[in-house]
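File shown: final-v9.cif (mmCIF, C-alpha atoms).
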```
data_work
#
loop_
_atom_site.group_PDB
_atom_site.id
_atom_site.type_symbol
_atom_site.label_atom_id
_atom_site.label_comp_id
_atom_site.auth_asym_id
_atom_site.auth_seq_id
_atom_site.Cartn_x
_atom_site.Cartn_y
_atom_site.Cartn_z
ATOM 1 C CA MET X 1 227.422 110.285 118.040
ATOM 2 C CA THR X 2 224.121 111.814 119.054
ATOM 3 C CA ALA X 3 221.099 109.821 118.092
ATOM 4 C CA ARG X 4 218.489 111.597 116.053
ATOM 5 C CA PRO X 5 215.406 109.473 115.412
ATOM 6 C CA ALA X 6 214.461 111.862 112.615
ATOM 7 C CA VAL X 7 217.218 110.412 110.423
ATOM 8 C CA LEU X 8 215.064 107.294 110.139
ATOM 9 C CA ALA X 9 212.441 109.218 108.213
ATOM 10 C CA ALA X 10 214.133 108.715 104.844
ATOM 11 C CA PRO X 11 214.719 104.943 105.193
ATOM 12 C CA LEU X 12 211.180 104.463 106.482
ATOM 13 C CA ALA X 13 209.742 106.521 103.639
ATOM 14 C CA ALA X 14 211.735 104.483 101.100
ATOM 15 C CA GLY X 15 210.497 101.288 102.761
ATOM 16 C CA ALA X 16 206.890 102.446 102.683
ATOM 17 C CA ALA X 17 207.289 103.381 99.023
ATOM 18 C CA THR X 18 208.713 99.922 98.279
ATOM 19 C CA ALA X 19 205.880 98.115 100.043
ATOM 20 C CA LEU X 20 203.345 100.273 98.259
ATOM 21 C CA ALA X 21 204.997 99.833 94.867
ATOM 22 C CA LEU X 22 205.017 96.045 95.246
ATOM 23 C CA GLY X 23 201.394 96.002 96.354
ATOM 24 C CA VAL X 24 200.264 98.297 93.575
ATOM 25 C CA TYR X 25 202.186 96.318 90.960
ATOM 26 C CA ALA X 26 200.777 93.027 92.232
ATOM 27 C CA ALA X 27 197.253 94.413 92.313
ATOM 28 C CA VAL X 28 197.321 96.210 88.966
ATOM 29 C CA HIS X 29 199.361 93.745 86.918
ATOM 30 C CA GLU X 30 197.138 91.119 85.381
ATOM 31 C CA PRO X 31 198.251 87.851 87.034
ATOM 32 C CA THR X 32 199.731 85.757 84.280
ATOM 33 C CA GLY X 33 198.984 82.428 85.928
ATOM 34 C CA ARG X 34 202.119 81.219 84.149
ATOM 35 C CA ASP X 35 204.072 78.845 86.329
ATOM 36 C CA PHE X 36 207.747 78.358 86.127
ATOM 37 C CA VAL X 37 208.825 75.247 87.935
ATOM 38 C CA LEU X 38 212.412 74.933 89.075
ATOM 39 C CA THR X 39 214.065 71.675 88.196
ATOM 40 C CA GLY X 40 213.738 68.997 90.833
ATOM 41 C CA PHE X 41 210.363 70.191 92.105
ATOM 42 C CA ASP X 42 206.927 69.066 91.050
ATOM 43 C CA SER X 43 205.065 72.337 91.476
ATOM 44 C CA ALA X 44 205.537 76.029 92.015
ATOM 45 C CA ALA X 45 204.186 75.637 95.537
ATOM 46 C CA SER X 46 206.892 73.128 96.409
ATOM 47 C CA TRP X 47 209.918 75.101 95.197
ATOM 48 C CA LYS X 48 208.499 78.287 96.634
ATOM 49 C CA SER X 49 207.972 76.615 99.983
ATOM 50 C CA ALA X 50 211.486 75.196 99.924
ATOM 51 C CA LEU X 51 213.114 78.544 99.143
ATOM 52 C CA ALA X 52 210.895 80.335 101.669
ATOM 53 C CA SER X 53 211.927 77.801 104.298
ATOM 54 C CA ILE X 54 215.596 78.411 103.531
ATOM 55 C CA THR X 55 215.069 82.123 104.096
ATOM 56 C CA MET X 56 213.262 81.276 107.329
ATOM 57 C CA VAL X 57 216.270 79.279 108.578
ATOM 58 C CA LEU X 58 218.511 82.177 107.573
ATOM 59 C CA PHE X 59 216.238 84.555 109.456
ATOM 60 C CA VAL X 60 216.561 82.539 112.639
ATOM 61 C CA MET X 61 220.335 82.760 112.234
ATOM 62 C CA GLN X 62 219.995 86.476 111.548
ATOM 63 C CA ILE X 63 218.004 87.087 114.713
ATOM 64 C CA SER X 64 220.544 85.080 116.735
ATOM 65 C CA LEU X 65 223.459 86.977 115.197
ATOM 66 C CA GLY X 66 221.629 90.239 115.770
ATOM 67 C CA LEU X 67 221.120 89.397 119.424
ATOM 68 C CA ARG X 68 224.799 88.514 119.731
ATOM 69 C CA ILE X 69 225.965 91.671 117.941
ATOM 70 C CA THR X 70 223.837 93.889 120.156
ATOM 71 C CA GLY X 71 225.047 92.026 123.231
ATOM 72 C CA ARG X 72 221.669 90.589 124.200
ATOM 73 C CA VAL X 73 222.980 87.031 124.343
ATOM 74 C CA GLY X 74 226.324 85.315 124.703
ATOM 75 C CA PRO X 75 229.450 86.189 126.638
ATOM 76 C CA ARG X 76 229.811 89.653 128.136
ATOM 77 C CA ARG X 77 232.235 90.915 125.549
ATOM 78 C CA PRO X 78 231.684 92.518 122.185
ATOM 79 C CA ALA X 79 230.769 90.206 119.339
ATOM 80 C CA PRO X 80 233.705 89.359 117.042
ATOM 81 C CA PRO X 81 233.840 91.555 113.952
ATOM 82 C CA TRP X 82 233.040 88.634 111.694
ATOM 83 C CA ALA X 83 229.595 88.405 113.296
ATOM 84 C CA THR X 84 228.605 91.630 111.552
ATOM 85 C CA ASP X 85 230.060 90.475 108.229
ATOM 86 C CA LEU X 86 228.274 87.161 108.517
ATOM 87 C CA HIS X 87 225.040 88.950 109.392
ATOM 88 C CA ARG X 88 225.331 91.024 106.230
ATOM 89 C CA LEU X 89 226.241 88.038 104.075
ATOM 90 C CA LEU X 90 223.369 85.869 105.304
ATOM 91 C CA GLY X 91 220.914 88.735 105.050
ATOM 92 C CA THR X 92 221.867 89.324 101.441
ATOM 93 C CA ILE X 93 221.610 85.614 100.660
ATOM 94 C CA ALA X 94 218.175 85.445 102.287
ATOM 95 C CA PHE X 95 217.018 88.354 100.155
ATOM 96 C CA GLY X 96 218.460 86.741 97.019
ATOM 97 C CA VAL X 97 216.846 83.388 97.736
ATOM 98 C CA SER X 98 213.487 85.075 98.226
ATOM 99 C CA LEU X 99 213.570 86.846 94.858
ATOM 100 C CA PRO X 100 212.243 84.023 92.640
ATOM 101 C CA VAL X 101 209.524 83.400 95.206
ATOM 102 C CA VAL X 102 208.268 86.957 95.312
ATOM 103 C CA PHE X 103 208.535 87.136 91.536
ATOM 104 C CA HIS X 104 206.191 84.188 91.193
ATOM 105 C CA CYS X 105 203.904 85.723 93.826
ATOM 106 C CA ILE X 106 203.417 89.075 92.217
ATOM 107 C CA TRP X 107 203.892 88.248 88.550
ATOM 108 C CA THR X 108 202.101 84.921 88.311
ATOM 109 C CA LEU X 109 199.499 85.237 91.061
ATOM 110 C CA GLY X 110 199.123 88.904 91.974
ATOM 111 C CA TYR X 111 197.787 90.567 95.094
ATOM 112 C CA GLN X 112 194.859 88.454 96.207
ATOM 113 C CA THR X 113 192.255 88.792 98.926
ATOM 114 C CA THR X 114 190.222 85.652 98.257
ATOM 115 C CA ASP X 115 190.373 84.562 101.886
ATOM 116 C CA GLY X 116 191.982 85.452 105.180
ATOM 117 C CA ARG X 117 195.204 83.526 104.672
ATOM 118 C CA VAL X 118 195.759 84.893 101.204
ATOM 119 C CA SER X 119 194.958 88.470 102.275
ATOM 120 C CA VAL X 120 197.350 88.338 105.217
ATOM 121 C CA HIS X 121 200.045 86.775 103.038
ATOM 122 C CA SER X 122 199.712 89.404 100.310
ATOM 123 C CA LEU X 123 199.823 92.278 102.785
ATOM 124 C CA LEU X 124 202.690 90.946 104.905
ATOM 125 C CA GLY X 125 204.702 90.055 101.823
ATOM 126 C CA CYS X 126 204.673 93.693 100.707
ATOM 127 C CA VAL X 127 205.408 94.933 104.237
ATOM 128 C CA ALA X 128 208.371 92.536 104.539
ATOM 129 C CA TYR X 129 210.155 93.991 101.505
ATOM 130 C CA GLY X 130 209.394 97.501 102.707
ATOM 131 C CA LEU X 131 210.990 96.698 106.049
ATOM 132 C CA TYR X 132 213.973 95.112 104.346
ATOM 133 C CA VAL X 133 214.606 98.228 102.290
ATOM 134 C CA ALA X 134 214.106 100.466 105.337
ATOM 135 C CA LYS X 135 216.550 98.389 107.332
ATOM 136 C CA ILE X 136 219.370 98.207 104.814
ATOM 137 C CA LEU X 137 219.070 101.963 104.312
ATOM 138 C CA ALA X 138 219.016 102.553 108.075
ATOM 139 C CA VAL X 139 222.261 100.552 108.377
ATOM 140 C CA ARG X 140 223.899 103.169 106.194
ATOM 141 C CA THR X 141 222.423 106.129 108.090
ATOM 142 C CA ASP X 142 224.623 107.970 110.600
ATOM 143 C CA ASP X 143 223.307 109.129 113.961
ATOM 144 C CA ARG X 144 220.524 106.544 114.038
ATOM 145 C CA PRO X 145 219.239 105.616 117.508
ATOM 146 C CA VAL X 146 220.734 102.365 118.852
ATOM 147 C CA TRP X 147 217.323 100.734 118.968
ATOM 148 C CA ALA X 148 216.622 101.321 115.277
ATOM 149 C CA LEU X 149 218.275 98.244 113.762
ATOM 150 C CA PRO X 150 217.260 95.724 116.452
ATOM 151 C CA LEU X 151 213.692 96.968 116.253
ATOM 152 C CA MET X 152 213.495 96.880 112.466
ATOM 153 C CA GLY X 153 215.296 93.541 112.323
ATOM 154 C CA SER X 154 213.018 91.827 114.813
ATOM 155 C CA PHE X 155 209.979 93.312 113.155
ATOM 156 C CA LEU X 156 211.209 92.031 109.800
ATOM 157 C CA GLY X 157 211.773 88.594 111.325
ATOM 158 C CA PHE X 158 208.229 88.437 112.660
ATOM 159 C CA VAL X 159 206.686 89.663 109.440
ATOM 160 C CA MET X 160 208.688 87.062 107.498
ATOM 161 C CA LEU X 161 207.495 84.418 109.926
ATOM 162 C CA GLY X 162 203.934 85.486 109.120
ATOM 163 C CA VAL X 163 204.636 85.359 105.384
ATOM 164 C CA TRP X 164 206.135 81.893 105.665
ATOM 165 C CA TRP X 165 203.386 80.690 107.988
ATOM 166 C CA THR X 166 200.615 81.714 105.606
ATOM 167 C CA SER X 167 202.286 79.975 102.666
ATOM 168 C CA ALA X 168 204.993 77.355 103.067
ATOM 169 C CA LEU X 169 203.815 76.031 106.425
ATOM 170 C CA VAL X 170 200.259 75.764 105.127
ATOM 171 C CA HIS X 171 201.618 74.028 102.029
ATOM 172 C CA TYR X 172 203.558 71.485 104.090
ATOM 173 C CA ALA X 173 200.667 70.956 106.495
ATOM 174 C CA GLY X 174 198.366 70.379 103.522
ATOM 175 C CA THR X 175 200.602 67.955 101.655
ATOM 176 C CA SER X 176 201.752 65.871 104.601
ATOM 177 C CA THR X 177 198.220 64.857 105.609
ATOM 178 C CA MET H 1 238.776 93.427 104.608
ATOM 179 C CA THR H 2 238.075 89.957 105.937
ATOM 180 C CA ALA H 3 237.166 87.056 103.681
ATOM 181 C CA LEU H 4 233.616 87.168 104.976
ATOM 182 C CA ALA H 5 233.254 90.851 104.228
ATOM 183 C CA ARG H 6 234.630 90.233 100.743
ATOM 184 C CA ALA H 7 232.150 87.410 100.222
ATOM 185 C CA ALA H 8 229.340 89.654 101.448
ATOM 186 C CA ALA H 9 230.354 92.326 98.956
ATOM 187 C CA VAL H 10 230.417 89.844 96.064
ATOM 188 C CA VAL H 11 227.071 88.339 97.031
ATOM 189 C CA ARG H 12 225.653 91.834 97.339
ATOM 190 C CA TRP H 13 226.601 92.494 93.740
ATOM 191 C CA ILE H 14 225.118 89.265 92.477
ATOM 192 C CA VAL H 15 221.891 89.735 94.393
ATOM 193 C CA GLY H 16 221.720 93.367 93.344
ATOM 194 C CA VAL H 17 221.953 92.406 89.684
ATOM 195 C CA GLY H 18 219.405 89.645 90.301
ATOM 196 C CA ALA H 19 216.988 92.075 91.929
ATOM 197 C CA ALA H 20 217.390 94.587 89.120
ATOM 198 C CA THR H 21 216.777 91.849 86.553
ATOM 199 C CA ALA H 22 213.678 90.704 88.411
ATOM 200 C CA VAL H 23 212.256 94.225 88.429
ATOM 201 C CA LEU H 24 213.021 94.562 84.737
ATOM 202 C CA LEU H 25 211.315 91.244 83.976
ATOM 203 C CA LEU H 26 208.259 92.268 85.994
ATOM 204 C CA PHE H 27 207.627 94.954 83.429
ATOM 205 C CA THR H 28 208.835 93.293 80.259
ATOM 206 C CA LEU H 29 208.110 89.593 80.433
ATOM 207 C CA GLU H 30 204.991 88.669 78.525
ATOM 208 C CA GLY H 31 202.606 86.507 80.547
ATOM 209 C CA ALA H 32 200.656 85.233 77.590
ATOM 210 C CA PRO H 33 200.464 86.423 74.026
ATOM 211 C CA ASP H 34 198.151 89.425 73.812
ATOM 212 C CA VAL H 35 194.908 88.597 72.104
ATOM 213 C CA PRO H 36 193.568 91.507 70.054
ATOM 214 C CA ALA H 37 190.048 92.397 71.175
ATOM 215 C CA ASP H 38 188.532 91.740 67.755
ATOM 216 C CA ALA H 39 190.350 88.470 67.136
ATOM 217 C CA ALA H 40 188.291 85.442 66.245
ATOM 218 C CA PRO H 41 187.436 83.402 69.340
ATOM 219 C CA THR H 42 190.279 81.056 70.191
ATOM 220 C CA GLU H 43 189.994 77.456 71.172
ATOM 221 C CA VAL H 44 190.293 78.508 74.803
ATOM 222 C CA ASP H 45 187.399 80.967 74.413
ATOM 223 C CA LEU H 46 185.200 78.254 72.920
ATOM 224 C CA LEU H 47 186.179 75.870 75.681
ATOM 225 C CA VAL H 48 185.419 78.476 78.322
ATOM 226 C CA ASP H 49 182.028 79.180 76.770
ATOM 227 C CA GLU H 50 181.122 75.518 76.737
ATOM 228 C CA GLY H 51 182.379 75.251 80.310
ATOM 229 C CA ARG H 52 180.291 78.228 81.390
ATOM 230 C CA ALA H 53 177.091 76.443 80.392
ATOM 231 C CA ILE H 54 178.065 73.231 82.153
ATOM 232 C CA TYR H 55 179.124 75.185 85.221
ATOM 233 C CA ALA H 56 175.780 76.991 85.476
ATOM 234 C CA GLN H 57 173.960 73.672 85.208
ATOM 235 C CA ARG H 58 176.081 71.407 87.388
ATOM 236 C CA CYS H 59 178.308 73.370 89.716
ATOM 237 C CA ALA H 60 176.778 76.759 90.455
ATOM 238 C CA THR H 61 174.354 75.452 93.089
ATOM 239 C CA CYS H 62 177.242 74.503 95.364
ATOM 240 C CA HIS H 63 180.057 76.796 94.272
ATOM 241 C CA GLY H 64 177.985 79.928 93.543
ATOM 242 C CA ASP H 65 176.982 81.574 90.261
ATOM 243 C CA ALA H 66 180.266 83.438 90.074
ATOM 244 C CA GLY H 67 182.347 80.771 91.780
ATOM 245 C CA GLN H 68 182.259 82.763 95.011
ATOM 246 C CA GLY H 69 181.549 79.661 97.078
ATOM 247 C CA GLY H 70 178.557 78.481 99.050
ATOM 248 C CA GLN H 71 178.043 74.914 100.086
ATOM 249 C CA GLY H 72 181.293 74.124 98.285
ATOM 250 C CA PRO H 73 184.436 76.225 98.547
ATOM 251 C CA ARG H 74 185.174 79.309 96.504
ATOM 252 C CA LEU H 75 186.633 78.465 93.092
ATOM 253 C CA ALA H 76 187.052 81.920 91.549
ATOM 254 C CA GLY H 77 190.718 82.848 91.639
ATOM 255 C CA THR H 78 191.610 80.002 93.969
ATOM 256 C CA VAL H 79 191.762 76.971 91.696
ATOM 257 C CA ILE H 80 194.788 78.237 89.795
ATOM 258 C CA VAL H 81 196.577 78.657 93.099
ATOM 259 C CA ASN H 82 195.397 75.408 94.680
ATOM 260 C CA TYR H 83 195.894 73.371 91.516
ATOM 261 C CA PRO H 84 198.875 74.719 89.604
ATOM 262 C CA ASP H 85 198.570 71.572 87.547
ATOM 263 C CA ALA H 86 195.137 71.452 85.887
ATOM 264 C CA THR H 87 195.154 67.658 85.823
ATOM 265 C CA ASP H 88 194.910 67.622 89.635
ATOM 266 C CA GLN H 89 191.778 69.717 89.380
ATOM 267 C CA ILE H 90 190.365 67.486 86.660
ATOM 268 C CA ALA H 91 190.933 64.522 88.973
ATOM 269 C CA ILE H 92 188.791 66.145 91.690
ATOM 270 C CA VAL H 93 185.953 66.980 89.326
ATOM 271 C CA ALA H 94 186.037 63.507 87.805
ATOM 272 C CA GLY H 95 186.538 61.588 91.029
ATOM 273 C CA GLY H 96 184.765 63.833 93.538
ATOM 274 C CA ALA H 97 185.769 64.643 97.093
ATOM 275 C CA ASP H 98 184.230 64.995 100.505
ATOM 276 C CA GLY H 99 180.784 66.502 99.788
ATOM 277 C CA MET H 100 181.589 66.939 96.136
ATOM 278 C CA PRO H 101 180.031 64.550 93.644
ATOM 279 C CA ALA H 102 182.141 62.675 91.098
ATOM 280 C CA PHE H 103 181.398 63.705 87.526
ATOM 281 C CA ALA H 104 183.288 60.993 85.669
ATOM 282 C CA GLU H 105 180.030 59.190 84.847
ATOM 283 C CA THR H 106 177.817 62.194 84.132
ATOM 284 C CA LEU H 107 180.201 64.331 82.093
ATOM 285 C CA SER H 108 182.444 63.369 79.191
ATOM 286 C CA ASP H 109 186.183 63.999 79.383
ATOM 287 C CA ASP H 110 185.774 66.972 77.054
ATOM 288 C CA GLU H 111 183.018 68.426 79.191
ATOM 289 C CA ILE H 112 185.120 68.058 82.332
ATOM 290 C CA ALA H 113 188.037 69.720 80.578
ATOM 291 C CA ALA H 114 185.718 72.541 79.499
ATOM 292 C CA VAL H 115 184.249 73.167 82.927
ATOM 293 C CA VAL H 116 187.695 73.025 84.539
ATOM 294 C CA GLY H 117 188.932 75.464 81.911
ATOM 295 C CA PHE H 118 186.024 77.758 82.734
ATOM 296 C CA THR H 119 186.750 77.712 86.462
ATOM 297 C CA ARG H 120 190.394 78.560 85.757
ATOM 298 C CA PHE H 121 189.995 81.228 83.115
ATOM 299 C CA GLY H 122 186.325 82.257 83.091
ATOM 300 C CA LEU H 123 185.800 83.028 86.781
ATOM 301 C CA SER H 124 187.470 85.959 88.447
#
```

Turn the structure described in the file into structure tokens.
Amino acid sequence: MTARPAVLAAPLAAGAATALALGVYAAVHEPTGRDFVLTGFDSAASWKSALASITMVLFVMQISLGLRITGRVGPRRPAPPWATDLHRLLGTIAFGVSLPVVFHCIWTLGYQTTDGRVSVHSLLGCVAYGLYVAKILAVRTDDRPVWALPLMGSFLGFVMLGVWWTSALVHYAGTST
Amino acid sequence: MTALARAAAVVRWIVGVGAATAVLLLFTLEGAPDVPADAAPTEVDLLVDEGRAIYAQRCATCHGDAGQGGQGPRLAGTVIVNYPDATDQIAIVAGGADGMPAFAETLSDDEIAAVVGFTRFGLS
């Protein structure tokens, strides 16, 4: 298998289109301001923070599994095949868990630039989904360079950390004091 | 196919359907009933108008004419996010906060409701 970095062009283009589409939708769509509160929580901010934190935990597991699969950590033998299956399962769950959150973000609140935190959050949120799309398409692309998935995965992890930091962490820091 | 791979495939289907539904809802779900442009002013419009006057008189000096912030924090676009529940915002206006006067004595409940309504729906 000869690596051809050019094969990444299509996944990256699809990712960029996704990020752009989300951003444009969120900016153009009139924010409805209509909250939907999941049972058991007292506000949108609290269920969103909880779900976002679950995806964050999953992301830490994903990065660890990724490191194990690519042989960066752990014993000097190939990762068991179930590591890849688990990585896919958890990644899909993380994406699923994040869906109601992003829906509330872009449908109820919209793309906002009222201050630094909100601007960074809006931008990174769009970038995160773009990266996700690029990565799951890259997984299905033959002849991709070996560094493609680790690079995209780590990048996605860091962007998600930024998204979580500028929302859930701020929420928890604000409510605990 | 291992059990895990099977589970991943099933979850992928569920999440895929969920994602497709979410995208569909983004474009179809009505946020609020559309108000025709020539409709008679609604109760909310009247409330917002009353609130606008109170805001200009009592709040604009600190929070800016357009709610952009000044001595007090920005309100335009932020209050809905910071106070998903309007009663929390009413509590601040009535009871005051650090550097923010309490209005429970100077404004009636209706006036507080009006000015809070204005900051939520009249500022952008």

Written as a VMD selection string, what is the full residue list that the PyMOL selection byres ((chain H) within 9 of (chain X)) yields on the file shown? chain H and resid 2 4 to 9 11 to 12 14 to 16 18 to 19 22 to 23 26 30 to 32 74 76 to 78 80 to 82 84 to 85

From CA of Trp47 (chain X) to CA of Leu131 (chain X) the spacing works out at 24.2 Å

request  = Please evaluate the PyMOL selection byres ((chain X and resi 56) around 9) against the structure above and give the resulting residues as a PyMOL selection string.
outcome  = chain X and resi 51-55+57-61+94+157+160-161+164

>> Distance cut-off 10 Å, centre (187.6, 75.8, 76.1) in file coordinates, counting all atoms listed in the file: which residues qualify? Return them as a ChimeraX atom specification.
In response: /H:42-52,110-111,113-118,121-122
